[in-house]
Amino acid sequence: AAQRESDLSLARLIIVSNREPYEHRLVKNHLIWERTSGGLVSALDPMMRRLGGTWIAWGSGKADRDVVDQDMTVEVPPDAPTYRLRRVWLESGEIKGGYQGYANQVLWPLCHLTLDRVDYRKLYWHAYQAMNARFAEVVLGELQMKPGFVWVHDFHLALLPGMVKASLPKQPVAMFWHIPWPGPDAFRILPERREVLESLLTCDLLMFQTQSFLHCFVECAKEFLGADLHADDGHLEYKGHATRVVSRPISIGFQTWSERAQSPQVTRSMDVLRNLHVFQPEVRIGLGVDRLDYTKGLLKRLWAIDAFFQQFPQYRGRFTFIQIAVPTRGDVEAYRRYRELIRETVNDINMRYSSISNPGSSHASRWRPVEFREGRIGLDTLAAYYRMADLALVSSVYDGMNLVAKEYVASQVDEKGVLLVSHMAGAAEEMTDALVINPYDPEGVAESIRQALEMPLQERRERMHRMRSYLAAHDIRAWADECLRDAGILPPHDSPSFE
Ligand code: ADQ
């Protein structure tokens with residue numbers, strides 16, 4: 001087996017996130033495990049498989065407690081362990097108020113500038129503090145066992161750096177913020193804006209997805225705390241402590257996706273899936289893959305598909321949009337309503353267009369404009385969808401990065417597809433050969449879909465090829481190494497590498 005690089009590295013890696021990478025459940029008295037979905041796990045699991053270490057996360061699976069040892073840990077991935085997963089147990093009040101309340105109904109909509117969806121209660125804040133304290137207790141326990149480098153992830157744990165530093169001021173702590181950071185005009189509505197910022201400014205290293213989120217954070221730190229920016233070396237200084245702030249766009253395992261897309265299973269799945277969703281070989285395919293989250297702009301995307309078939313009736317019977325959506329945050333009412341609305345809109349579009357027969361197409365009666373597939377799907381199946389889609393549509397109203405955009409490019413081994421990406425997604429900054437769309441403009445998106453479908457093969461190839469070369473060089477491995485260099489765990493670029 002390949003030797004893990006952590007065996008060679010200077011510090012033990014301890015990453016902390018709310019979501020765990022693997023959860024255990026009982027199905028008909030059998031213990032099963034599943035990889036959880038979401039961008040954070042997609043990005044960090046490959047890194048941890050490579051580097052080893054400990055991942056501390058909330059044990060949310062119903063049978064998680066059945067598999068832990070005395071240290072509350074389990075070796076993962078369960079089929080071929082390479083790192084430790086240490087679980088944190090949360091009380092129901094912490095889950096309801098801290099996770100569902102403050103994290104998902106306050107910080108999430110606030111950071112995504114969907115301010116109408118912010119549903120603030122003081123008691124959520126207290127639960128959020130309790131939830132972060134629960135994590136801090138476990139992190140401190142872990143450090144007592146053995147020292148390590150603490151790397152906190154995301155908005156669920158904004159108070160954790162401050163709590164760790166309060167007990168261990170010299171402990172190195174880094175934070176990666178996976179979602180956007182709003183400017184001061186929006187962040188002002190958070191009653192605890194100072195507390196959140198103060199905790200983040202106890203970090204030694206604070207990382208954002210893009211330069212513009214970083215800029216917004218700096219503006220907030222200056223305005224609400226009076227922090228000083230040392231622009232020459234990228235530090236924010238507050239109460240005598242310096243925090244290095246950087247933007248490090250997250251990525252995916254390019255090679256893994258690319259190889260997966262060429263595997264015999266995936267090639268076989270492509271035929272099966274085609275037959276499942278479209279009946280004629282000439283029907284072109286568009287694809288969307290998302291958690292069913294309002295920030296992903298699914299409803300606006302469906303309006304754009306509707307506009308597309310209105311504006312370009314010649315595509316009725318000749319283009320099908322496949323939407324794969326995994327339900328998420330079902331405990332929050334706004335998400336349940338959104339899911340219903342999406343389903344209704346899909347049905348409405350399908351009813352209206354399926355009944356309009358296209359004279360040029362003999363199979364119009366069997367054609368559906370939108371194929372909606374709900375639920376989590378396996379990675380091979382996902383790769384098959386990515387590879388066979390003529391275009392992928394990412395229409396987030398705001399998004400830290402959006403890994404689907406990158407996974408699509410990595411799976412496009414035939415280099416025939418076109419990526420359409422919202423200018424509000426972090427991915428748009430790097431995927432410069434994509435067609436950039438404005439999710440708020442359905443007719444504009446419809447026109448971009450037409451442009452993608454009619455783009456000459458040569459141009460599609462060139463664009464996709466350039467994006468693939470970029471991603472091959474800027475994959476999750478390069479991202480992790482860069483972050484660990486920033487943290488001083490790997491030596492800087494000009495030193496001899498471990499490899
Ligand atoms: P997310 O909002 O969760 O993450 P995103 O980057 O869109 O997400 O990634 C979603 C992930 O879930 C992808 O890896 C995708 O393959 C997977 N997925 C989606 N639907 C699926 C399905 N039906 N079945 C199986 N897998 C599915 C947050 C931020 C993002 C940021 C990431 C990483 O909101 O902006 O890119 O973290 O930092």
# chains A, B, ... in the order shown; residues from 1 in each chain; ligands from 1
$ closest_atom_pairs --of "stretch 425-492 of chain A" --to "stretch 144-157 of chain A" --cutoff "12 Å" --atoms "only C-alpha atoms" --output "CSV"
residue,atom,partner,partner_atom,distance
A:Ala480,CA,A:Trp151,CA,11.4
A:Cys483,CA,A:Trp151,CA,10.1
A:Leu484,CA,A:Trp151,CA,9.8
A:Asp486,CA,A:Trp151,CA,12.0
A:Ala487,CA,A:Phe149,CA,8.8
A:Gly488,CA,A:Phe149,CA,9.9
A:Ile489,CA,A:Phe149,CA,8.2
A:Leu490,CA,A:Phe149,CA,11.8
$ residues_near_ligand --ligand "ligand 1" --cutoff "6 Å" --atoms "only C-alpha atoms and all ligand atoms" --output "count of residues only"
24
$ residues_around --residues "A:Asn132" --least-positions-apart "4" --cutoff "12 Å" --atoms "only C-alpha atoms" --output "PyMOL selection string"
chain A and resi 16-18+57-58+88-91+94-95+97-99+102-103+125-128+136-139+152+154-164+196+199
$ select_by_dssp --residues "stretch 154-253 of chain A" --states "alpha helix (DSSP H)" --output "JSON, numbers by chain"
{"A": [160, 161, 162, 163, 164, 165, 166, 167, 184, 185, 186, 187, 193, 194, 195, 196, 197, 198, 199, 200, 211, 212, 213, 214, 215, 216, 217, 218, 219, 220]}
$ write_last_selection --atoms "C-alpha atoms" --output "PDB file, in the first residue's frame"
ATOM      1  CA  LEU A 160     -14.554  27.178  17.453  1.00  0.00           C
ATOM      2  CA  PRO A 161     -11.232  28.944  16.696  1.00  0.00           C
ATOM      3  CA  GLY A 162     -11.881  31.467  19.478  1.00  0.00           C
ATOM      4  CA  MET A 163     -12.787  28.699  21.924  1.00  0.00           C
ATOM      5  CA  VAL A 164      -9.685  26.637  21.154  1.00  0.00           C
ATOM      6  CA  LYS A 165      -7.441  29.686  21.382  1.00  0.00           C
ATOM      7  CA  ALA A 166      -8.984  30.730  24.701  1.00  0.00           C
ATOM      8  CA  SER A 167      -7.659  27.487  26.213  1.00  0.00           C
ATOM      9  CA  PRO A 184     -20.546  44.958   5.478  1.00  0.00           C
ATOM     10  CA  ASP A 185     -23.961  46.184   4.260  1.00  0.00           C
ATOM     11  CA  ALA A 186     -25.395  42.680   4.574  1.00  0.00           C
ATOM     12  CA  PHE A 187     -23.257  41.387   7.443  1.00  0.00           C
ATOM     13  CA  ARG A 193     -21.301  40.133  13.989  1.00  0.00           C
ATOM     14  CA  ARG A 194     -18.557  41.202  16.384  1.00  0.00           C
ATOM     15  CA  GLU A 195     -18.413  37.887  18.236  1.00  0.00           C
ATOM     16  CA  VAL A 196     -18.218  35.926  14.982  1.00  0.00           C
ATOM     17  CA  LEU A 197     -15.503  38.162  13.537  1.00  0.00           C
ATOM     18  CA  GLU A 198     -13.515  38.175  16.778  1.00  0.00           C
ATOM     19  CA  SER A 199     -13.413  34.397  16.865  1.00  0.00           C
ATOM     20  CA  LEU A 200     -12.292  34.173  13.244  1.00  0.00           C
ATOM     21  CA  GLN A 211     -10.469  37.177  -3.765  1.00  0.00           C
ATOM     22  CA  SER A 212     -13.821  38.944  -3.661  1.00  0.00           C
ATOM     23  CA  PHE A 213     -15.063  37.014  -0.576  1.00  0.00           C
ATOM     24  CA  LEU A 214     -11.715  37.747   1.044  1.00  0.00           C
ATOM     25  CA  HIS A 215     -12.144  41.413   0.245  1.00  0.00           C
ATOM     26  CA  CYS A 216     -15.652  41.443   1.793  1.00  0.00           C
ATOM     27  CA  PHE A 217     -14.302  39.815   4.953  1.00  0.00           C
ATOM     28  CA  VAL A 218     -11.521  42.375   5.266  1.00  0.00           C
ATOM     29  CA  GLU A 219     -14.069  45.186   4.862  1.00  0.00           C
ATOM     30  CA  CYS A 220     -16.220  43.685   7.653  1.00  0.00           C
TER      31      CYS A 220
END
$ atom_distance --atom1 "atom CA of A:Tyr385" --atom2 "atom CA of A:Glu340"
24.2 Å
$ closest_residue --among "A:Gln171, A:Ser263, A:Thr345, A:Ser448" --to "A:Leu391" --atoms "only C-alpha atoms"
A:Ser448
$ closest_residue --among "A:Gln412, A:Thr328, A:Thr256, A:Gln323" --to "A:Glu371" --atoms "only C-alpha atoms"
A:Gln323
$ decode --residues "stretch 406-422 of chain A" --atoms "N, CA and C atoms" --output "PDB file, in the first residue's frame"
ATOM      1  N   LYS A 406     -16.677  21.779 -11.746  1.00  0.00           N
ATOM      2  CA  LYS A 406     -15.350  21.193 -11.945  1.00  0.00           C
ATOM      3  C   LYS A 406     -15.447  19.683 -12.219  1.00  0.00           C
ATOM      4  N   GLU A 407     -16.384  19.019 -11.549  1.00  0.00           N
ATOM      5  CA  GLU A 407     -16.550  17.575 -11.785  1.00  0.00           C
ATOM      6  C   GLU A 407     -16.999  17.316 -13.233  1.00  0.00           C
ATOM      7  N   TYR A 408     -17.848  18.198 -13.739  1.00  0.00           N
ATOM      8  CA  TYR A 408     -18.301  18.042 -15.126  1.00  0.00           C
ATOM      9  C   TYR A 408     -17.107  18.137 -16.081  1.00  0.00           C
ATOM     10  N   VAL A 409     -16.294  19.144 -15.875  1.00  0.00           N
ATOM     11  CA  VAL A 409     -15.133  19.341 -16.754  1.00  0.00           C
ATOM     12  C   VAL A 409     -14.188  18.135 -16.660  1.00  0.00           C
ATOM     13  N   ALA A 410     -13.948  17.657 -15.446  1.00  0.00           N
ATOM     14  CA  ALA A 410     -13.031  16.527 -15.271  1.00  0.00           C
ATOM     15  C   ALA A 410     -13.567  15.256 -15.926  1.00  0.00           C
ATOM     16  N   SER A 411     -14.897  15.130 -15.997  1.00  0.00           N
ATOM     17  CA  SER A 411     -15.496  13.910 -16.568  1.00  0.00           C
ATOM     18  C   SER A 411     -15.680  14.005 -18.077  1.00  0.00           C
ATOM     19  N   GLN A 412     -15.488  15.190 -18.628  1.00  0.00           N
ATOM     20  CA  GLN A 412     -15.687  15.390 -20.070  1.00  0.00           C
ATOM     21  C   GLN A 412     -14.464  14.901 -20.845  1.00  0.00           C
ATOM     22  N   VAL A 413     -14.232  13.611 -20.801  1.00  0.00           N
ATOM     23  CA  VAL A 413     -13.028  13.079 -21.424  1.00  0.00           C
ATOM     24  C   VAL A 413     -13.080  13.149 -22.948  1.00  0.00           C
ATOM     25  N   ASP A 414     -14.304  13.235 -23.504  1.00  0.00           N
ATOM     26  CA  ASP A 414     -14.415  13.349 -24.963  1.00  0.00           C
ATOM     27  C   ASP A 414     -14.310  14.811 -25.420  1.00  0.00           C
ATOM     28  N   GLU A 415     -14.300  15.705 -24.481  1.00  0.00           N
ATOM     29  CA  GLU A 415     -14.152  17.147 -24.740  1.00  0.00           C
ATOM     30  C   GLU A 415     -15.164  17.678 -25.742  1.00  0.00           C
ATOM     31  N   LYS A 416     -16.418  17.234 -25.585  1.00  0.00           N
ATOM     32  CA  LYS A 416     -17.455  17.705 -26.516  1.00  0.00           C
ATOM     33  C   LYS A 416     -18.479  18.604 -25.859  1.00  0.00           C
ATOM     34  N   GLY A 417     -18.493  18.608 -24.524  1.00  0.00           N
ATOM     35  CA  GLY A 417     -19.557  19.303 -23.809  1.00  0.00           C
ATOM     36  C   GLY A 417     -19.220  20.758 -23.541  1.00  0.00           C
ATOM     37  N   VAL A 418     -20.245  21.507 -23.125  1.00  0.00           N
ATOM     38  CA  VAL A 418     -20.071  22.932 -22.818  1.00  0.00           C
ATOM     39  C   VAL A 418     -20.548  23.182 -21.387  1.00  0.00           C
ATOM     40  N   LEU A 419     -19.755  23.912 -20.640  1.00  0.00           N
ATOM     41  CA  LEU A 419     -20.137  24.278 -19.273  1.00  0.00           C
ATOM     42  C   LEU A 419     -20.758  25.671 -19.274  1.00  0.00           C
ATOM     43  N   LEU A 420     -21.931  25.771 -18.649  1.00  0.00           N
ATOM     44  CA  LEU A 420     -22.560  27.073 -18.435  1.00  0.00           C
ATOM     45  C   LEU A 420     -22.531  27.338 -16.938  1.00  0.00           C
ATOM     46  N   VAL A 421     -21.941  28.433 -16.537  1.00  0.00           N
ATOM     47  CA  VAL A 421     -21.797  28.659 -15.104  1.00  0.00           C
ATOM     48  C   VAL A 421     -22.180  30.088 -14.715  1.00  0.00           C
ATOM     49  N   SER A 422     -22.906  30.168 -13.615  1.00  0.00           N
ATOM     50  CA  SER A 422     -23.366  31.460 -13.103  1.00  0.00           C
ATOM     51  C   SER A 422     -22.187  32.345 -12.713  1.00  0.00           C
TER      52      SER A 422
END
